[in-house]
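See structure below.
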Protein chains: 2
Amino acid sequence: MQMDRYPSRLGDGEAQISQRKDPVVYGNTEEGPLKKEELDFYEENGYLLFDSLFTDEEVKAMQESLNETMRKEELRESNHVIKEPGSNEIRSVFEIHKEDSFFQSLSKYKRIVEIAEQLLKSQVYVMQSRINFKPGFKGKEFYWHSDFETWHVEDGMPNMRAVSCSIVLTDNYEFNGPLMLIPGSQKWYVSCPGKTQKDNFKTSLKKQESGVPDNESMTELVEEADGEIDRATGPAGSVLFFDCNTMHGSAGNISPYSRSNIFFVFNSVENQLVQPFGGQNPRPEFLANRKEIEAIEPIGNPFRKLQNS
Amino acid sequence: MQMDRYPSRLGDGEAQISQRKDPVVYGNTEEGPLKKEELDFYEENGYLLFDSLFTDEEVKAMQESLNETMRKEELRESNHVIKEPGSNEIRSVFEIHKEDSFFQSLSKYKRIVEIAEQLLKSQVYVMQSRINFKPGFKGKEFYWHSDFETWHVEDGMPNMRAVSCSIVLTDNYEFNGPLMLIPGSQKWYVSCPGKTQKDNFKTSLKKQESGVPDNESMTELVEEADGEIDRATGPAGSVLFFDCNTMHGSAGNISPYSRSNIFFVFNSVENQLVQPFGGQNPRPEFLANRKEIEAIEPIGNPFRKLQNS
């Protein structure tokens with residue numbers, strides 16, 4: 001049994017903030033495409049937003065693939081398809097990087113993989129993938145959370161050495177519920193009060209009840225950031241990389257504009273999942289890959305494949 | 001029985017957009033403090049935001065009065081005190097302009113009343129007043145609505161000749177659920193599908209079920225505004241005037257920063273309430289004054305009174 005460096009949900013009702021015990025940036029400028037200023041920004045803030053890592057044509061191709069997947073999944077009741085609370089609209093489709101699909105090629109695309117490899121200074125694999133769709137008018141809020149807290153307690157991720165990559169397929173405005181991030185929050189670990197409910201994942205993807213940070217810790221994090229909460233706004237085609245422990249969330253979306261994105265979690269091959277630290281059974285494979293963990297061999301343009309199909 | 005120029009909630013399931021039948025700006029530059037550009041902006045957009053109509057000291061004095069009122073009302077179960085859905089936190093306290101209070105003096109303060117008089121080209125009275133408090137972390141969304149639609153159907157306001165004045169007592173950021181407004185929406189009347197539920201006001205102040213515009217109409221309004229949805233962000237002390245028919249709403253607030261404001265609705269003395277056009281009984285006096293409708297005689301500095309008390 002591995003030592004738990006990041007205990008949480010111990011059921012004693014106590015929340016606690018402690019310092020991160022792992023680096024934020026593992027690599028340096030020689031190991032990938034990011035420049036020193038970019039690595040420094042990520043180290044300081046816990047995220048990095050690229051305004052246009054993809055061209056308009058590439059965005060269009062990704063949107064079409066997303067729509068096609070949504071259509072295919074719409075009528076299906078399946079564990080890896082998550083609906084909005086109180087409606088039948090699809091919120092997320094998981095495990096999109098498997099089988100011989102466009103999204104699989106995209107998940108191996110060197111333009112994004114090499115950034116993840118540089119940040120983590122190792123080869124990486126896709127621990128989780130999904131497409132997210134937040135409908136206009138009735139998109140619900142997603143409360144503050146650190147992904148790592150859940151991945152550690154429920155999936156057994158030992159250390160903070162993973163990065164999420166969100167490819168934004170819609171224009172994100174201040175007014176359609178953009179992802180909000182607390183700059184610098186990745187430097188702190190907020191252990192959460194309460195205990196994990198049995199089969200928590202079945203409800204937590206709609207509305208999180210376990211792993212919810214307390215108000216006092218959240219206030220401290222925001223005060224540490226001088227009261228600043230950043231928003232990932234930008235045109236379709238923006239790409240956000242953020243550390244596994246960066247505190248993030250989003251308000252609801254009452255605007256007419258839906259939001260969609262493609263989401264890959266790249267985990268270091270040196271940070272493979274062990275038994276969940278919360279002591280329960282691991283969550284299903286579609287939420288946290290334990291079997292298919294082969295290191296990615298980065299590939300060139302995945303869009304060529306799409307044109308040929 | 002007065003003719004209904006703005007029918008809504010007829011129960012036939014049909015939403016409809018029609019043109020406004022009343023002026024937006026009634027007065028001109030000779031009748032008050034607003035300059036031509038300001039009147040033009042209000043006419044075009046349906047609102048006007050002043051960054052600092054009150055000094056820091058005045059804001060502080062108003063905050064203290066608000067806190068005192070909240071403390072006094074907290075333990076009381078009263079119709080005119082509205083709690084957050086699912087919690088005991090106060091969301092609004094109505095009817096703050098009555099009795100011999102600071103808020104009464106504030107509601108007569110010429111700095112704001114003369115603006116309302118100019119916009120409406122008549123004397124005005126306070127049809128509704130309240131303080132609003134949107135707590136941090138769990139402040140709920142308020143869906144899109146036109147105040148006039150409700151005031152017309154449920155309170156019997158005949159014409160669009162009223163203006164709301166919101167004095168903002170907290171810094172409003174992009175990330176703490178600011179009021180959102182659709183520029184130009186005041187020029188259109190969106191009649192809502194459905195019928196008014198009995199005693200609708202008892203639930204509608206927490207979550208609106210009747211008088212909710214349909215998605216198609218909302219999309220049209222936003223498209224008319226070239227996709228722009230404005231947010232009333234600014235420092236504490238900002239004052240927002242907006243037309244009774246301007247479509248507005250707000251997303252939830254998951255930030256640690258609460259939001260509070262003082263809210264007066266000034267109605268023209270020439271636009272007094274008649275029988276509600278929805279055919280039901282009028283809502284209670286604390287939501288829509290029918291008895292105390294004397295024209296305001298504007299007064300000077302209300303803060304002097306506060307210092308003496």
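Chain identifiers are assigned as A, B, and so on, following the order in which chains appear in the structure tokens; residues are numbered from 1 within each chain, and ligands are numbered from 1 in order of appearance.
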
> Any idea what's packed within 7 Å of Lys121 in chain B, counting only C-alpha atoms, ignoring anything in its chain fewer than 3 positions away? Could you give it as a list in words?
Replying inline: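 Residues meeting the cut-off are Tyr26, Gly27, Glu117 and Gln118 of chain B.
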
> Once you count only C-alpha atoms, which residues of chain B turn out to be within 10 Å of chain A? Could you give them as JSON, numbers by chain?
Replying inline: {"B": [136, 137, 138, 140, 141, 142, 143, 144, 173, 174, 175, 176, 177, 178, 180, 214, 215, 216, 218, 219, 220, 221, 222, 223, 227, 228, 229, 230, 231, 249, 250, 251, 252, 253, 254, 255, 256, 257]}

> Leaving out Trp151 in chain A and any residue of its chain fewer than 6 positions from it, which residues lie within 12 Å of it when counting only C-alpha atoms, given as number ranges by chain?
Replying inline: A: 6-8, 127-128, 145, 157-162, 201, 211, 244-245, 265, 267, 271-278, 282-283, 287-289

>> Just list as number ranges by chain whatever in range 98-309 of chain A DSSP marks as strand (DSSP E or B).
In response: A: 109, 124-134, 139, 142-145, 162-168, 172, 180-181, 188-191, 230-231, 234, 239-243, 248-250, 253, 259-268, 299

Residue subset to file, keeping C-alpha atoms, as an mmCIF file, in the first residue's frame:
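Generated output (selection.cif):
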```cif
data_model
loop_
_atom_site.group_PDB
_atom_site.id
_atom_site.type_symbol
_atom_site.label_atom_id
_atom_site.label_comp_id
_atom_site.auth_asym_id
_atom_site.auth_seq_id
_atom_site.Cartn_x
_atom_site.Cartn_y
_atom_site.Cartn_z
ATOM 1 C CA TYR A 109 -1.444 14.823 -32.220
ATOM 2 C CA VAL A 124 2.175 10.466 -21.374
ATOM 3 C CA TYR A 125 -0.989 8.440 -21.916
ATOM 4 C CA VAL A 126 -4.644 9.439 -22.011
ATOM 5 C CA MET A 127 -6.087 8.764 -18.563
ATOM 6 C CA GLN A 128 -9.508 10.164 -19.460
ATOM 7 C CA SER A 129 -11.072 11.718 -22.527
ATOM 8 C CA ARG A 130 -14.416 13.220 -23.264
ATOM 9 C CA ILE A 131 -16.407 15.743 -25.200
ATOM 10 C CA ASN A 132 -18.410 18.236 -23.150
ATOM 11 C CA PHE A 133 -21.500 20.042 -24.252
ATOM 12 C CA LYS A 134 -23.075 22.801 -22.167
ATOM 13 C CA GLY A 139 -26.502 24.738 -18.801
ATOM 14 C CA PHE A 142 -20.211 23.092 -12.063
ATOM 15 C CA TYR A 143 -18.951 23.901 -8.604
ATOM 16 C CA TRP A 144 -15.292 24.486 -7.712
ATOM 17 C CA HIS A 145 -13.119 21.413 -7.640
ATOM 18 C CA ALA A 162 -0.996 15.181 -15.031
ATOM 19 C CA VAL A 163 -2.309 17.944 -17.258
ATOM 20 C CA SER A 164 -5.725 18.500 -18.790
ATOM 21 C CA CYS A 165 -6.100 19.794 -22.318
ATOM 22 C CA SER A 166 -9.373 21.425 -23.328
ATOM 23 C CA ILE A 167 -9.894 22.209 -27.008
ATOM 24 C CA VAL A 168 -12.668 24.774 -27.138
ATOM 25 C CA ASN A 172 -16.454 31.373 -25.127
ATOM 26 C CA MET A 180 -13.260 29.879 -14.312
ATOM 27 C CA LEU A 181 -9.840 29.214 -12.792
ATOM 28 C CA TRP A 188 -2.222 24.246 -2.595
ATOM 29 C CA TYR A 189 -3.977 21.013 -1.796
ATOM 30 C CA VAL A 190 -7.423 21.410 -0.306
ATOM 31 C CA SER A 191 -8.426 18.277 1.494
ATOM 32 C CA ASP A 230 -9.680 34.131 -14.365
ATOM 33 C CA ARG A 231 -12.028 33.024 -17.160
ATOM 34 C CA GLY A 234 -11.702 33.164 -26.367
ATOM 35 C CA VAL A 239 -6.785 25.448 -26.247
ATOM 36 C CA LEU A 240 -6.462 25.480 -22.488
ATOM 37 C CA PHE A 241 -3.885 23.403 -20.667
ATOM 38 C CA PHE A 242 -4.360 23.251 -16.916
ATOM 39 C CA ASP A 243 -2.710 21.426 -14.078
ATOM 40 C CA HIS A 248 -11.783 25.437 -11.406
ATOM 41 C CA GLY A 249 -15.528 25.567 -11.937
ATOM 42 C CA SER A 250 -18.167 27.318 -13.981
ATOM 43 C CA ASN A 253 -25.220 29.311 -18.869
ATOM 44 C CA ARG A 259 -20.480 25.653 -25.250
ATOM 45 C CA SER A 260 -18.621 22.554 -26.338
ATOM 46 C CA ASN A 261 -15.102 21.269 -26.022
ATOM 47 C CA ILE A 262 -12.889 18.223 -26.418
ATOM 48 C CA PHE A 263 -11.093 17.188 -23.290
ATOM 49 C CA PHE A 264 -8.032 14.993 -22.826
ATOM 50 C CA VAL A 265 -6.277 14.232 -19.546
ATOM 51 C CA PHE A 266 -2.628 13.389 -20.132
ATOM 52 C CA ASN A 267 -1.031 11.545 -17.262
ATOM 53 C CA SER A 268 2.688 10.851 -16.965
ATOM 54 C CA ILE A 299 1.679 11.646 -34.699
#
```

> In Å to one decimal, how far is CA of Met3 in chain A from CA of Glu154 in chain A?
Replying inline: 15.2 Å

> Per DSSP on the backbone, what are the helix (DSSP H, G or I) residues of range 79-259 of chain B, as an NGL selection string?
Replying inline: :B and (102-107 or 110-120 or 147-155 or 185-187 or 201-204 or 215-224)

>> Can you measure CA of Met247 in chain B to CA of Pro183 in chain B for me? One decimal in Å is fine.
In response: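 Computed distance, CA of Met247 in chain B to CA of Pro183 in chain B, equals 8.2 Å.
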